[in-house]
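Dropping upload_34.txt in here (compact mmCIF, C-alpha atoms):
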# COMPACT_ATOMS: atom_id res chain seq x y z
CA MET A 1 -68.25 -7.56 -9.99
CA TYR A 2 -66.13 -5.37 -12.28
CA ASN A 3 -67.04 -5.83 -15.94
CA PHE A 4 -64.70 -7.03 -18.69
CA ARG A 5 -64.62 -9.16 -21.81
CA TYR A 6 -63.53 -12.78 -21.19
CA HIS A 7 -61.48 -14.77 -23.71
CA LYS A 8 -60.16 -18.29 -23.44
CA ALA A 9 -56.80 -18.96 -25.09
CA SER A 10 -55.86 -22.58 -25.75
CA THR A 11 -52.35 -21.77 -26.98
CA ILE A 12 -49.74 -19.14 -26.13
CA GLU A 13 -49.89 -17.84 -29.72
CA THR A 14 -53.66 -17.27 -29.40
CA ALA A 15 -53.15 -15.54 -26.07
CA ILE A 16 -50.58 -13.16 -27.58
CA SER A 17 -52.76 -12.34 -30.54
CA LEU A 18 -55.68 -11.66 -28.14
CA ILE A 19 -53.41 -9.38 -26.09
CA GLU A 20 -52.49 -7.45 -29.22
CA GLN A 21 -56.15 -7.00 -30.18
CA SER A 22 -57.23 -5.73 -26.75
CA ASP A 23 -57.10 -2.19 -25.33
CA ASP A 24 -55.97 -3.06 -21.82
CA PRO A 25 -55.67 -6.84 -21.37
CA LYS A 26 -54.75 -8.94 -18.35
CA ILE A 27 -53.72 -12.58 -18.32
CA LEU A 28 -55.71 -14.90 -16.05
CA ALA A 29 -53.87 -17.97 -14.71
CA GLY A 30 -55.04 -19.14 -11.26
CA GLY A 31 -56.84 -15.85 -10.65
CA HIS A 32 -56.20 -15.80 -6.92
CA THR A 33 -54.60 -12.37 -7.02
CA LEU A 34 -56.28 -11.03 -10.15
CA ILE A 35 -59.92 -11.79 -9.26
CA PRO A 36 -59.72 -10.12 -5.80
CA THR A 37 -58.06 -7.05 -7.39
CA LEU A 38 -60.82 -6.91 -10.03
CA LYS A 39 -63.47 -6.98 -7.29
CA GLN A 40 -61.79 -4.04 -5.58
CA ARG A 41 -61.23 -2.16 -8.89
CA LEU A 42 -57.51 -2.10 -8.12
CA SER A 43 -57.09 -3.49 -11.61
CA GLN A 44 -59.49 -2.42 -14.38
CA PRO A 45 -58.57 -4.24 -17.58
CA THR A 46 -60.88 -4.23 -20.60
CA ASP A 47 -60.15 -7.86 -21.47
CA ILE A 48 -59.31 -10.97 -19.46
CA ILE A 49 -57.38 -13.62 -21.36
CA ASP A 50 -57.67 -16.99 -19.64
CA ILE A 51 -54.62 -19.17 -20.28
CA SER A 52 -55.42 -21.67 -17.52
CA SER A 53 -56.24 -24.52 -19.93
CA ILE A 54 -52.82 -24.56 -21.65
CA ASP A 55 -51.64 -27.96 -20.39
CA GLU A 56 -48.05 -27.66 -21.66
CA LEU A 57 -47.49 -24.97 -18.99
CA LYS A 58 -48.41 -27.38 -16.17
CA ARG A 59 -45.31 -29.60 -16.27
CA ILE A 60 -42.28 -29.95 -14.03
CA THR A 61 -39.21 -31.23 -15.89
CA LEU A 62 -35.81 -32.22 -14.56
CA GLY A 63 -32.79 -31.21 -16.65
CA GLU A 64 -29.00 -31.39 -16.17
CA GLY A 65 -28.59 -29.77 -12.77
CA ASN A 66 -31.77 -27.77 -13.17
CA VAL A 67 -35.51 -28.04 -12.99
CA THR A 68 -38.06 -26.28 -15.18
CA ILE A 69 -41.45 -25.51 -13.69
CA GLY A 70 -44.32 -24.55 -16.00
CA ALA A 71 -45.96 -21.21 -15.30
CA LEU A 72 -49.36 -22.80 -14.61
CA CYS A 73 -48.10 -25.20 -11.93
CA THR A 74 -50.11 -24.54 -8.78
CA HIS A 75 -48.58 -24.11 -5.34
CA ALA A 76 -50.13 -27.47 -4.36
CA HIS A 77 -48.55 -29.16 -7.40
CA ILE A 78 -45.11 -27.72 -6.60
CA SER A 79 -45.25 -28.55 -2.88
CA ASN A 80 -46.26 -32.18 -3.60
CA SER A 81 -44.12 -32.83 -6.69
CA PRO A 82 -41.51 -35.58 -6.10
CA GLU A 83 -39.09 -33.75 -8.46
CA ILE A 84 -39.24 -30.68 -6.21
CA THR A 85 -39.42 -32.32 -2.76
CA LYS A 86 -36.39 -34.47 -3.68
CA ASN A 87 -34.22 -31.86 -5.42
CA ILE A 88 -35.22 -28.50 -3.91
CA PRO A 89 -37.02 -29.22 -0.62
CA GLY A 90 -36.71 -25.52 0.31
CA LEU A 91 -38.93 -24.67 -2.66
CA ALA A 92 -41.53 -27.35 -1.82
CA ASP A 93 -41.66 -25.93 1.68
CA LEU A 94 -42.01 -22.37 0.35
CA ALA A 95 -44.96 -23.38 -1.86
CA LYS A 96 -46.61 -25.04 1.14
CA GLN A 97 -46.45 -21.81 3.12
CA ILE A 98 -48.47 -19.78 0.59
CA GLY A 99 -52.08 -18.88 1.46
CA ASP A 100 -54.14 -21.90 2.55
CA PRO A 101 -54.75 -25.35 1.00
CA GLN A 102 -57.75 -24.25 -1.09
CA VAL A 103 -55.86 -21.21 -2.42
CA ARG A 104 -52.87 -23.44 -3.21
CA HIS A 105 -55.10 -25.58 -5.45
CA LYS A 106 -55.62 -22.60 -7.78
CA GLY A 107 -52.79 -20.07 -7.40
CA THR A 108 -49.90 -20.47 -9.86
CA VAL A 109 -46.17 -19.80 -9.79
CA GLY A 110 -46.31 -17.84 -13.06
CA GLY A 111 -49.05 -15.59 -11.74
CA SER A 112 -47.13 -14.86 -8.57
CA ILE A 113 -43.96 -14.00 -10.46
CA ALA A 114 -45.71 -11.81 -13.04
CA ASN A 115 -47.46 -9.89 -10.26
CA ALA A 116 -44.18 -9.33 -8.36
CA ASP A 117 -45.81 -8.44 -5.07
CA PRO A 118 -43.02 -7.17 -2.80
CA ALA A 119 -44.13 -9.73 -0.18
CA ALA A 120 -44.55 -12.69 -2.56
CA ASP A 121 -42.53 -15.83 -1.78
CA TYR A 122 -41.42 -17.24 -5.16
CA PRO A 123 -39.26 -14.28 -6.23
CA ALA A 124 -36.88 -15.10 -3.34
CA ALA A 125 -36.52 -18.69 -4.58
CA VAL A 126 -36.04 -17.71 -8.22
CA LEU A 127 -33.30 -15.22 -7.32
CA ALA A 128 -31.54 -17.45 -4.77
CA LEU A 129 -31.64 -20.50 -7.06
CA ASN A 130 -29.88 -18.57 -9.83
CA GLY A 131 -33.10 -18.89 -11.78
CA GLU A 132 -34.40 -17.68 -15.08
CA VAL A 133 -37.90 -16.53 -15.93
CA LEU A 134 -38.87 -18.11 -19.26
CA THR A 135 -41.31 -16.18 -21.42
CA SER A 136 -42.90 -16.27 -24.85
CA LYS A 137 -40.16 -13.83 -26.00
CA GLU A 138 -36.93 -14.65 -24.16
CA ASN A 139 -35.34 -15.92 -20.95
CA HIS A 140 -34.70 -13.34 -18.23
CA PHE A 141 -32.21 -13.86 -15.43
CA ALA A 142 -33.99 -13.26 -12.12
CA ALA A 143 -31.60 -10.42 -11.27
CA ASN A 144 -32.80 -8.49 -14.35
CA PHE A 145 -36.44 -9.51 -14.07
CA PHE A 146 -37.65 -8.16 -10.72
CA ILE A 147 -37.34 -4.38 -11.06
CA ASP A 148 -39.46 -2.84 -8.32
CA MET A 149 -42.74 -3.13 -6.45
CA PHE A 150 -45.21 -4.87 -8.86
CA GLU A 151 -42.77 -4.09 -11.67
CA THR A 152 -40.94 -6.64 -13.82
CA ALA A 153 -39.09 -6.73 -17.13
CA LEU A 154 -42.18 -8.25 -18.81
CA LYS A 155 -43.39 -6.43 -21.91
CA SER A 156 -47.13 -5.97 -22.40
CA ASN A 157 -47.34 -8.73 -25.03
CA GLU A 158 -45.03 -11.17 -23.26
CA ILE A 159 -46.28 -14.19 -21.28
CA ILE A 160 -44.36 -16.13 -18.64
CA THR A 161 -44.15 -19.78 -19.67
CA GLY A 162 -42.11 -21.06 -16.72
CA ILE A 163 -39.09 -20.76 -14.48
CA ARG A 164 -35.81 -22.65 -14.65
CA LEU A 165 -33.91 -23.11 -11.36
CA GLN A 166 -30.43 -24.44 -10.67
CA ILE A 167 -30.64 -27.39 -8.25
CA PRO A 168 -28.64 -26.55 -5.11
CA LYS A 169 -26.82 -28.91 -2.75
CA SER A 170 -29.24 -27.79 -0.03
CA SER A 171 -31.75 -25.01 0.47
CA THR A 172 -34.27 -23.61 2.90
CA TYR A 173 -36.89 -20.88 3.06
CA LYS A 174 -37.61 -19.10 6.32
CA LYS A 175 -40.61 -16.84 6.51
CA PHE A 176 -42.28 -14.68 9.11
CA ARG A 177 -45.92 -14.73 8.02
CA ASN A 178 -48.27 -11.85 8.45
CA PRO A 179 -50.76 -13.55 10.78
CA ALA A 180 -53.77 -12.25 8.82
CA SER A 181 -52.74 -12.43 5.17
CA GLY A 182 -50.06 -15.13 5.30
CA TYR A 183 -47.82 -12.92 3.14
CA ALA A 184 -44.15 -12.63 4.06
CA MET A 185 -43.43 -9.77 6.47
CA VAL A 186 -39.93 -11.00 5.74
CA GLY A 187 -38.88 -14.15 3.91
CA VAL A 188 -35.37 -15.38 3.19
CA PHE A 189 -34.31 -18.15 0.81
CA VAL A 190 -30.82 -19.58 1.30
CA ALA A 191 -29.28 -21.94 -1.28
CA ARG A 192 -25.93 -23.74 -0.95
CA TYR A 193 -24.04 -24.83 -4.05
CA ASP A 194 -20.67 -26.58 -4.25
CA ASN A 195 -18.71 -23.33 -4.46
CA ASP A 196 -21.43 -20.79 -3.86
CA VAL A 197 -24.01 -19.52 -1.39
CA ARG A 198 -26.95 -17.40 -2.53
CA ILE A 199 -29.37 -15.54 -0.27
CA ALA A 200 -32.48 -13.68 -1.44
CA VAL A 201 -34.83 -11.64 0.72
CA THR A 202 -38.50 -10.86 0.07
CA GLY A 203 -41.07 -8.81 2.00
CA ALA A 204 -38.51 -6.50 3.54
CA SER A 205 -38.05 -4.06 0.70
CA SER A 206 -39.88 -2.85 -2.43
CA THR A 207 -38.59 -5.84 -4.34
CA VAL A 208 -36.58 -9.02 -3.81
CA TYR A 209 -32.81 -8.56 -3.38
CA ARG A 210 -29.63 -10.56 -2.63
CA MET A 211 -27.40 -10.20 0.45
CA GLU A 212 -24.06 -10.40 -1.32
CA ASP A 213 -21.97 -9.31 1.69
CA ILE A 214 -23.31 -12.15 3.87
CA GLU A 215 -23.08 -14.61 0.96
CA GLY A 216 -19.35 -13.75 0.73
CA MET A 217 -18.80 -14.40 4.43
CA LEU A 218 -20.70 -17.70 4.29
CA LYS A 219 -18.67 -18.82 1.29
CA SER A 220 -15.52 -18.74 3.42
CA SER A 221 -17.16 -20.12 6.55
CA PHE A 222 -20.73 -21.44 6.59
CA ASP A 223 -21.35 -20.89 10.27
CA ASN A 224 -23.65 -18.87 12.53
CA ASP A 225 -20.62 -17.14 14.03
CA ILE A 226 -20.49 -14.78 11.09
CA MET A 227 -23.81 -13.24 12.17
CA GLU A 228 -22.36 -11.93 15.41
CA GLY A 229 -22.24 -8.16 15.35
CA ILE A 230 -23.90 -8.02 11.91
CA GLU A 231 -26.18 -4.99 11.55
CA ILE A 232 -28.84 -5.41 8.87
CA ASP A 233 -29.06 -2.26 6.75
CA THR A 234 -32.75 -1.27 6.89
CA THR A 235 -32.48 2.04 5.01
CA ASP A 236 -34.76 0.96 2.15
CA PHE A 237 -36.96 -1.39 4.19
CA ASN A 238 -40.76 -1.23 4.15
CA ASP A 239 -42.12 0.63 7.13
CA ASP A 240 -45.89 0.15 7.45
CA ILE A 241 -48.75 -0.82 9.78
CA HIS A 242 -47.58 -4.44 9.76
CA ALA A 243 -44.01 -3.82 10.89
CA SER A 244 -41.50 -1.01 11.17
CA ALA A 245 -38.33 -1.13 9.07
CA LYS A 246 -36.31 -1.72 12.21
CA TYR A 247 -38.49 -4.67 13.25
CA ARG A 248 -38.18 -6.17 9.76
CA GLY A 249 -34.41 -5.92 10.17
CA VAL A 250 -34.56 -7.85 13.45
CA ILE A 251 -36.80 -10.53 11.91
CA LEU A 252 -34.48 -10.90 8.93
CA LYS A 253 -31.46 -11.45 11.14
CA VAL A 254 -33.25 -14.12 13.19
CA LEU A 255 -34.56 -15.91 10.08
CA LEU A 256 -31.11 -15.85 8.51
CA GLU A 257 -29.56 -17.35 11.63
CA GLU A 258 -32.19 -20.12 11.63
CA ALA A 259 -31.49 -20.83 7.97
CA ILE A 260 -27.71 -21.01 8.46
CA LEU A 261 -28.13 -23.30 11.44
CA GLU A 262 -30.39 -25.60 9.43
CA LEU A 263 -28.05 -25.80 6.43
CA LYS A 264 -24.80 -25.92 8.41
CA GLU A 265 -24.43 -29.69 8.32
CA THR A 266 -25.53 -30.06 4.69
CA MET B 1 -71.93 -13.85 -22.80
CA VAL B 2 -69.95 -17.07 -22.39
CA LYS B 3 -71.30 -20.59 -22.80
CA VAL B 4 -70.40 -22.85 -19.87
CA ASN B 5 -70.80 -26.61 -20.19
CA VAL B 6 -70.16 -28.12 -16.82
CA ASN B 7 -70.92 -31.28 -14.89
CA ILE B 8 -72.13 -30.59 -11.35
CA ASN B 9 -72.89 -33.44 -8.95
CA ASN B 10 -73.07 -35.85 -11.91
CA GLN B 11 -75.54 -33.72 -13.81
CA ALA B 12 -74.69 -31.90 -17.04
CA TYR B 13 -75.50 -28.19 -17.28
CA SER B 14 -75.18 -25.82 -20.23
CA GLU B 15 -75.55 -22.18 -19.26
CA ASP B 16 -74.97 -18.77 -20.84
CA VAL B 17 -73.34 -16.45 -18.32
CA GLU B 18 -72.08 -12.87 -18.34
CA ASP B 19 -68.29 -12.69 -18.82
CA ASN B 20 -67.77 -11.42 -15.25
CA THR B 21 -70.00 -13.99 -13.48
CA LEU B 22 -68.32 -15.65 -10.53
CA LEU B 23 -68.62 -19.41 -10.15
CA VAL B 24 -70.43 -19.02 -6.83
CA GLU B 25 -72.96 -16.71 -8.52
CA LEU B 26 -73.60 -19.29 -11.24
CA LEU B 27 -74.16 -21.98 -8.59
CA ARG B 28 -76.41 -19.96 -6.31
CA ASP B 29 -78.22 -17.46 -8.50
CA LYS B 30 -78.63 -19.37 -11.77
CA LEU B 31 -78.68 -23.01 -10.69
CA SER B 32 -80.23 -22.52 -7.22
CA LEU B 33 -77.51 -24.65 -5.62
CA THR B 34 -77.62 -22.48 -2.52
CA GLY B 35 -75.82 -24.91 -0.23
CA THR B 36 -72.59 -23.17 -1.25
CA HIS B 37 -72.43 -19.96 0.78
CA VAL B 38 -70.79 -16.57 0.30
CA GLY B 39 -69.24 -15.30 3.49
CA CYS B 40 -66.50 -12.80 2.81
CA ASP B 41 -66.25 -12.73 -1.01
CA THR B 42 -62.49 -12.19 -0.56
CA SER B 43 -61.17 -15.81 -0.43
CA GLN B 44 -60.60 -15.65 3.32
CA CYS B 45 -63.53 -17.44 4.97
CA GLY B 46 -63.98 -20.71 3.05
CA ALA B 47 -67.82 -20.77 3.14
CA CYS B 48 -67.85 -21.12 -0.67
CA VAL B 49 -65.52 -24.13 -0.97
CA ILE B 50 -66.53 -26.69 -3.60
CA HIS B 51 -64.55 -29.28 -5.58
CA ILE B 52 -63.32 -28.63 -9.11
CA ASN B 53 -61.97 -31.81 -10.72
CA GLY B 54 -61.62 -33.25 -7.22
CA ASP B 55 -59.71 -30.38 -5.55
CA SER B 56 -61.26 -28.11 -2.91
CA VAL B 57 -61.26 -24.47 -4.08
CA LYS B 58 -62.92 -21.19 -3.16
CA SER B 59 -65.69 -20.61 -5.69
CA CYS B 60 -65.89 -16.86 -4.96
CA THR B 61 -62.47 -16.49 -6.59
CA VAL B 62 -63.11 -18.42 -9.80
CA LEU B 63 -64.95 -17.15 -12.88
CA ALA B 64 -67.89 -19.25 -14.05
CA ALA B 65 -66.30 -19.24 -17.52
CA GLN B 66 -63.23 -20.99 -16.11
CA VAL B 67 -65.10 -24.20 -15.24
CA ASN B 68 -66.21 -24.96 -18.78
CA GLY B 69 -65.63 -28.69 -19.32
CA LYS B 70 -64.92 -29.41 -15.66
CA GLU B 71 -66.42 -31.74 -13.04
CA LEU B 72 -67.77 -30.01 -9.95
CA THR B 73 -69.05 -31.30 -6.64
CA THR B 74 -70.98 -29.06 -4.27
CA VAL B 75 -72.30 -29.90 -0.82
CA GLU B 76 -75.61 -30.96 -2.45
CA GLY B 77 -73.71 -33.74 -4.22
CA LEU B 78 -72.31 -35.47 -1.14
CA ALA B 79 -75.31 -37.42 0.09
CA SER B 80 -76.28 -40.41 -2.00
CA GLN B 81 -79.57 -42.27 -2.04
CA GLY B 82 -80.85 -40.31 0.93
CA GLN B 83 -77.78 -41.22 3.02
CA LEU B 84 -75.56 -38.46 4.35
CA HIS B 85 -71.85 -38.63 3.53
CA SER B 86 -69.75 -39.95 6.45
CA ILE B 87 -68.32 -36.44 7.07
CA GLN B 88 -71.81 -34.95 7.21
CA LYS B 89 -72.80 -37.65 9.70
CA SER B 90 -69.77 -37.03 11.89
CA PHE B 91 -70.44 -33.25 11.85
CA GLN B 92 -73.97 -34.08 13.04
CA ASN B 93 -72.78 -36.57 15.70
CA ASN B 94 -70.23 -34.14 17.14
CA HIS B 95 -72.40 -31.02 17.00
CA ALA B 96 -69.70 -29.54 14.78
CA LEU B 97 -71.84 -26.54 13.89
CA GLN B 98 -73.74 -23.82 15.65
CA CYS B 99 -75.26 -21.40 13.13
CA GLY B 100 -74.16 -23.63 10.25
CA PHE B 101 -73.18 -20.84 7.84
CA CYS B 102 -69.57 -21.96 7.41
CA THR B 103 -70.45 -25.68 7.49
CA PRO B 104 -70.86 -26.49 3.76
CA GLY B 105 -67.39 -25.15 3.02
CA LEU B 106 -65.81 -26.94 5.96
CA VAL B 107 -67.50 -30.22 4.99
CA MET B 108 -66.25 -29.91 1.39
CA SER B 109 -62.70 -29.20 2.57
CA ALA B 110 -62.83 -32.09 5.05
CA VAL B 111 -63.93 -34.50 2.31
CA ASP B 112 -60.96 -33.37 0.18
CA LEU B 113 -58.55 -33.70 3.11
CA LEU B 114 -59.55 -37.30 3.86
CA LYS B 115 -59.31 -38.17 0.19
CA LYS B 116 -55.70 -36.90 0.08
CA ASN B 117 -54.60 -37.92 3.56
CA LYS B 118 -56.35 -40.97 5.01
CA SER B 119 -55.21 -40.38 8.60
CA PRO B 120 -54.35 -36.72 9.23
CA THR B 121 -53.01 -35.68 12.62
CA GLU B 122 -54.81 -33.02 14.62
CA SER B 123 -52.30 -30.39 13.50
CA GLU B 124 -52.71 -31.45 9.86
CA ILE B 125 -56.49 -31.06 10.20
CA ARG B 126 -56.08 -27.60 11.76
CA GLU B 127 -53.64 -26.60 9.03
CA TRP B 128 -56.02 -27.78 6.31
CA PHE B 129 -58.77 -25.54 7.74
CA GLU B 130 -56.53 -22.48 7.85
CA GLY B 131 -58.57 -20.88 5.08
CA HIS B 132 -61.88 -21.28 6.92
CA ILE B 133 -63.50 -19.00 9.45
CA CYS B 134 -66.27 -20.09 11.85
CA ARG B 135 -67.68 -17.04 13.62
CA CYS B 136 -69.40 -19.22 16.23
CA THR B 137 -65.87 -20.49 16.99
CA GLY B 138 -67.00 -24.11 16.87
CA TYR B 139 -63.54 -25.27 15.90
CA LYS B 140 -63.05 -27.84 18.63
CA ASN B 141 -66.03 -29.92 17.57
CA ILE B 142 -65.20 -29.46 13.91
CA ILE B 143 -61.79 -31.06 14.51
CA LYS B 144 -63.45 -33.84 16.55
CA ALA B 145 -65.86 -34.50 13.70
CA VAL B 146 -63.05 -34.95 11.21
CA GLN B 147 -61.18 -37.21 13.63
CA GLU B 148 -64.28 -39.37 14.03
CA ALA B 149 -64.67 -39.63 10.27
CA ILE B 150 -61.10 -40.96 9.94
CA THR B 151 -61.96 -44.26 11.58

Show the structure stored in the file as structure tokens.
Amino acid sequence: MYNFRYHKASTIETAISLIEQSDDPKILAGGHTLIPTLKQRLSQPTDIIDISSIDELKRITLGEGNVTIGALCTHAHISNSPEITKNIPGLADLAKQIGDPQVRHKGTVGGSIANADPAADYPAAVLALNGEVLTSKENHFAANFFIDMFETALKSNEIITGIRLQIPKSSTYKKFRNPASGYAMVGVFVARYDNDVRIAVTGASSTVYRMEDIEGMLKSSFDNDIMEGIEIDTTDFNDDIHASAKYRGVILKVLLEEAILELKET
Amino acid sequence: MVKVNVNINNQAYSEDVEDNTLLVELLRDKLSLTGTHVGCDTSQCGACVIHINGDSVKSCTVLAAQVNGKELTTVEGLASQGQLHSIQKSFQNNHALQCGFCTPGLVMSAVDLLKKNKSPTESEIREWFEGHICRCTGYKNIIKAVQEAIT
């Protein structure tokens, strides 16, 4: 195993001061991305700062029309939480589709968002649910947070403390899983609000993005008819051993149609 | 070095470990609890599943330092007073193993499943084992064993 110095931080303040004292630190939450990357030397930090015992980051709180999810909430916690299953069932379903049950007992939402894997699931939910990423420094709107592949607006001494999502009228997440890894070859989150529709796509491109043209069409008529003759623009799509850009385009269109059909009567 | 105080199978341990020690290395190499196996070392195969504070997790993807103050159960902790746990018995009754390498992890996951869901359907059992690999492909009997343990 790759060698590093381990530190436990019991508060966010301690974690930040440890970050500032270290040459090349990494934050450890659930560890289910970080530890495998350490084993493979894909990440070679000098110091690991374990924040996993900070209990205040493990809460889910309902607000006025929104819900705040602590960064250390695990995928299992989110998928089983009554606050989430009742208010944003699409998100509970998304969390249930990550990895496998044992991985979901450890992996955290904050870790997934900080890592910003282009095929991660949560970024699609945060962007579609008009969400904010809350950190030790400031709140970032999702649109300004996810910059590119594995790249976010996070500064080196900034820690994600949670996400705040606007509760939609209805929502769903459709995902075509890579059969080996479970990651999204393409995933699409659709959220309906009283006067708005928001769609965010993950897995297809280098980072999560919104489909504003289709959102506009659905705002005037939320019906599958609008998809007829639609050509998905795949210019910037990932083209790799798992799927060609063109194939990802086909999958996205099918998933979108399924999502619209599901939410039509809601 | 990091000091780890941990309760494993109702026994308290206090160990000094290197910062980069994995939990499964602490269990197997330091504490000789070799019932927990290492199959893939990449969180795919599930041979290393144990319980941390009651939840089934893959111990190859947890640092030993992270379990300080926690309660662990490994496959060695299931039997009590010389009696196998009901899941272990049903694995035996249904010949739910061939080489047995993946079995400790599957048994630990099955125990967690039945704790959280008293009467899982066949598809729920299969879904729960998604993160396990049995290279003998003994899946059919493994599912049967869990179904027998439900009743």

Chain A contacts to chain B at 12 Å (only C-alpha atoms) as a PyMOL selection string:
chain A and resi 1-9+28-40+45-53+74+76-77+80+96-107+179-182

Using only C-alpha atoms, can you list as a ChimeraX atom specification the residues within 12 Å of (-23.9, -14.1, 6.3)?
/A:188,190,197-200,210-232,252-261

With a distance cut-off of 12 Å and only C-alpha atoms, select the neighbouring residues of Val107 of chain B, excluding the residue or stretch itself and same-chain residues fewer than 4 positions from it, and output the selection as a PyMOL selection string.
chain B and resi 35-36+46-51+56+73-79+84-92+96-97+100-103+111-114+128-129+132+142-143+145-146+149

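From atom CA of Val109 of chain A back to atom CA of Ile167 of chain A, the distance works out to 17.4 Å.
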
For Leu129 of chain A, find every residue with an atom within 8 Å (counting only C-alpha atoms), except residues of its own chain fewer than 2 positions away, and show them as a ChimeraX atom specification.
/A:125-127,131,165-168,191,198

Hey, can you spit out that residue selection with C-alpha atoms as a PDB file, in the coordinates of the input?
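The new file again_37.pdb reads:
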ATOM      1  CA  ALA A 125     -36.520 -18.690  -4.580  1.00  0.00           C
ATOM      2  CA  VAL A 126     -36.040 -17.710  -8.220  1.00  0.00           C
ATOM      3  CA  LEU A 127     -33.300 -15.220  -7.320  1.00  0.00           C
ATOM      4  CA  GLY A 131     -33.100 -18.890 -11.780  1.00  0.00           C
ATOM      5  CA  LEU A 165     -33.910 -23.110 -11.360  1.00  0.00           C
ATOM      6  CA  GLN A 166     -30.430 -24.440 -10.670  1.00  0.00           C
ATOM      7  CA  ILE A 167     -30.640 -27.390  -8.250  1.00  0.00           C
ATOM      8  CA  PRO A 168     -28.640 -26.550  -5.110  1.00  0.00           C
ATOM      9  CA  ALA A 191     -29.280 -21.940  -1.280  1.00  0.00           C
ATOM     10  CA  ARG A 198     -26.950 -17.400  -2.530  1.00  0.00           C
TER      11      ARG A 198
END

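Here atom CA of Asn94 of chain B stands at a distance of 6.0 Å from atom CA of Asn141 of chain B.
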
Do you know which residues are at most 8 Å from Val6 of chain B counting only C-alpha atoms, after dropping those on the same chain fewer than 6 positions away, and could you put them as a PyMOL selection string?
chain B and resi 12-14+67-72

Incomplete segment 54-58 of chain A brought to all heavy atoms, written out as a PDB file, in the frame of the given file:
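Okay, this is what ended up in result07.pdb:
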ATOM      1  N   ILE A  54     -53.970 -24.164 -20.821  1.00  0.00           N
ATOM      2  CA  ILE A  54     -52.820 -24.560 -21.650  1.00  0.00           C
ATOM      3  C   ILE A  54     -51.987 -25.601 -20.891  1.00  0.00           C
ATOM      4  O   ILE A  54     -51.153 -25.267 -20.057  1.00  0.00           O
ATOM      5  CB  ILE A  54     -51.958 -23.329 -22.043  1.00  0.00           C
ATOM      6  CG1 ILE A  54     -52.838 -22.252 -22.697  1.00  0.00           C
ATOM      7  CG2 ILE A  54     -50.813 -23.749 -22.959  1.00  0.00           C
ATOM      8  CD1 ILE A  54     -52.084 -21.008 -23.147  1.00  0.00           C
ATOM      9  N   ASP A  55     -52.228 -26.882 -21.205  1.00  0.00           N
ATOM     10  CA  ASP A  55     -51.640 -27.960 -20.390  1.00  0.00           C
ATOM     11  C   ASP A  55     -50.117 -28.014 -20.447  1.00  0.00           C
ATOM     12  O   ASP A  55     -49.487 -28.459 -19.490  1.00  0.00           O
ATOM     13  CB  ASP A  55     -52.223 -29.317 -20.822  1.00  0.00           C
ATOM     14  CG  ASP A  55     -53.654 -29.477 -20.338  1.00  0.00           C
ATOM     15  OD1 ASP A  55     -54.021 -28.788 -19.360  1.00  0.00           O
ATOM     16  OD2 ASP A  55     -54.401 -30.270 -20.938  1.00  0.00           O
ATOM     17  N   GLU A  56     -49.523 -27.561 -21.559  1.00  0.00           N
ATOM     18  CA  GLU A  56     -48.050 -27.660 -21.660  1.00  0.00           C
ATOM     19  C   GLU A  56     -47.358 -26.757 -20.633  1.00  0.00           C
ATOM     20  O   GLU A  56     -46.160 -26.913 -20.388  1.00  0.00           O
ATOM     21  CB  GLU A  56     -47.586 -27.325 -23.080  1.00  0.00           C
ATOM     22  CG  GLU A  56     -47.913 -25.909 -23.481  1.00  0.00           C
ATOM     23  CD  GLU A  56     -47.559 -25.600 -24.928  1.00  0.00           C
ATOM     24  OE1 GLU A  56     -46.429 -25.164 -25.177  1.00  0.00           O
ATOM     25  OE2 GLU A  56     -48.447 -25.783 -25.787  1.00  0.00           O
ATOM     26  N   LEU A  57     -48.092 -25.834 -20.013  1.00  0.00           N
ATOM     27  CA  LEU A  57     -47.490 -24.970 -18.990  1.00  0.00           C
ATOM     28  C   LEU A  57     -47.700 -25.529 -17.580  1.00  0.00           C
ATOM     29  O   LEU A  57     -47.499 -24.831 -16.597  1.00  0.00           O
ATOM     30  CB  LEU A  57     -48.072 -23.548 -19.071  1.00  0.00           C
ATOM     31  CG  LEU A  57     -47.952 -22.820 -20.406  1.00  0.00           C
ATOM     32  CD1 LEU A  57     -48.484 -21.392 -20.289  1.00  0.00           C
ATOM     33  CD2 LEU A  57     -46.496 -22.789 -20.876  1.00  0.00           C
ATOM     34  N   LYS A  58     -48.116 -26.802 -17.496  1.00  0.00           N
ATOM     35  CA  LYS A  58     -48.410 -27.380 -16.170  1.00  0.00           C
ATOM     36  C   LYS A  58     -47.424 -28.480 -15.804  1.00  0.00           C
ATOM     37  O   LYS A  58     -47.695 -29.298 -14.949  1.00  0.00           O
ATOM     38  CB  LYS A  58     -49.843 -27.949 -16.162  1.00  0.00           C
ATOM     39  CG  LYS A  58     -50.897 -26.876 -16.365  1.00  0.00           C
ATOM     40  CD  LYS A  58     -52.305 -27.428 -16.380  1.00  0.00           C
ATOM     41  CE  LYS A  58     -53.293 -26.310 -16.684  1.00  0.00           C
ATOM     42  NZ  LYS A  58     -54.648 -26.797 -16.902  1.00  0.00           N
TER      43      LYS A  58
END
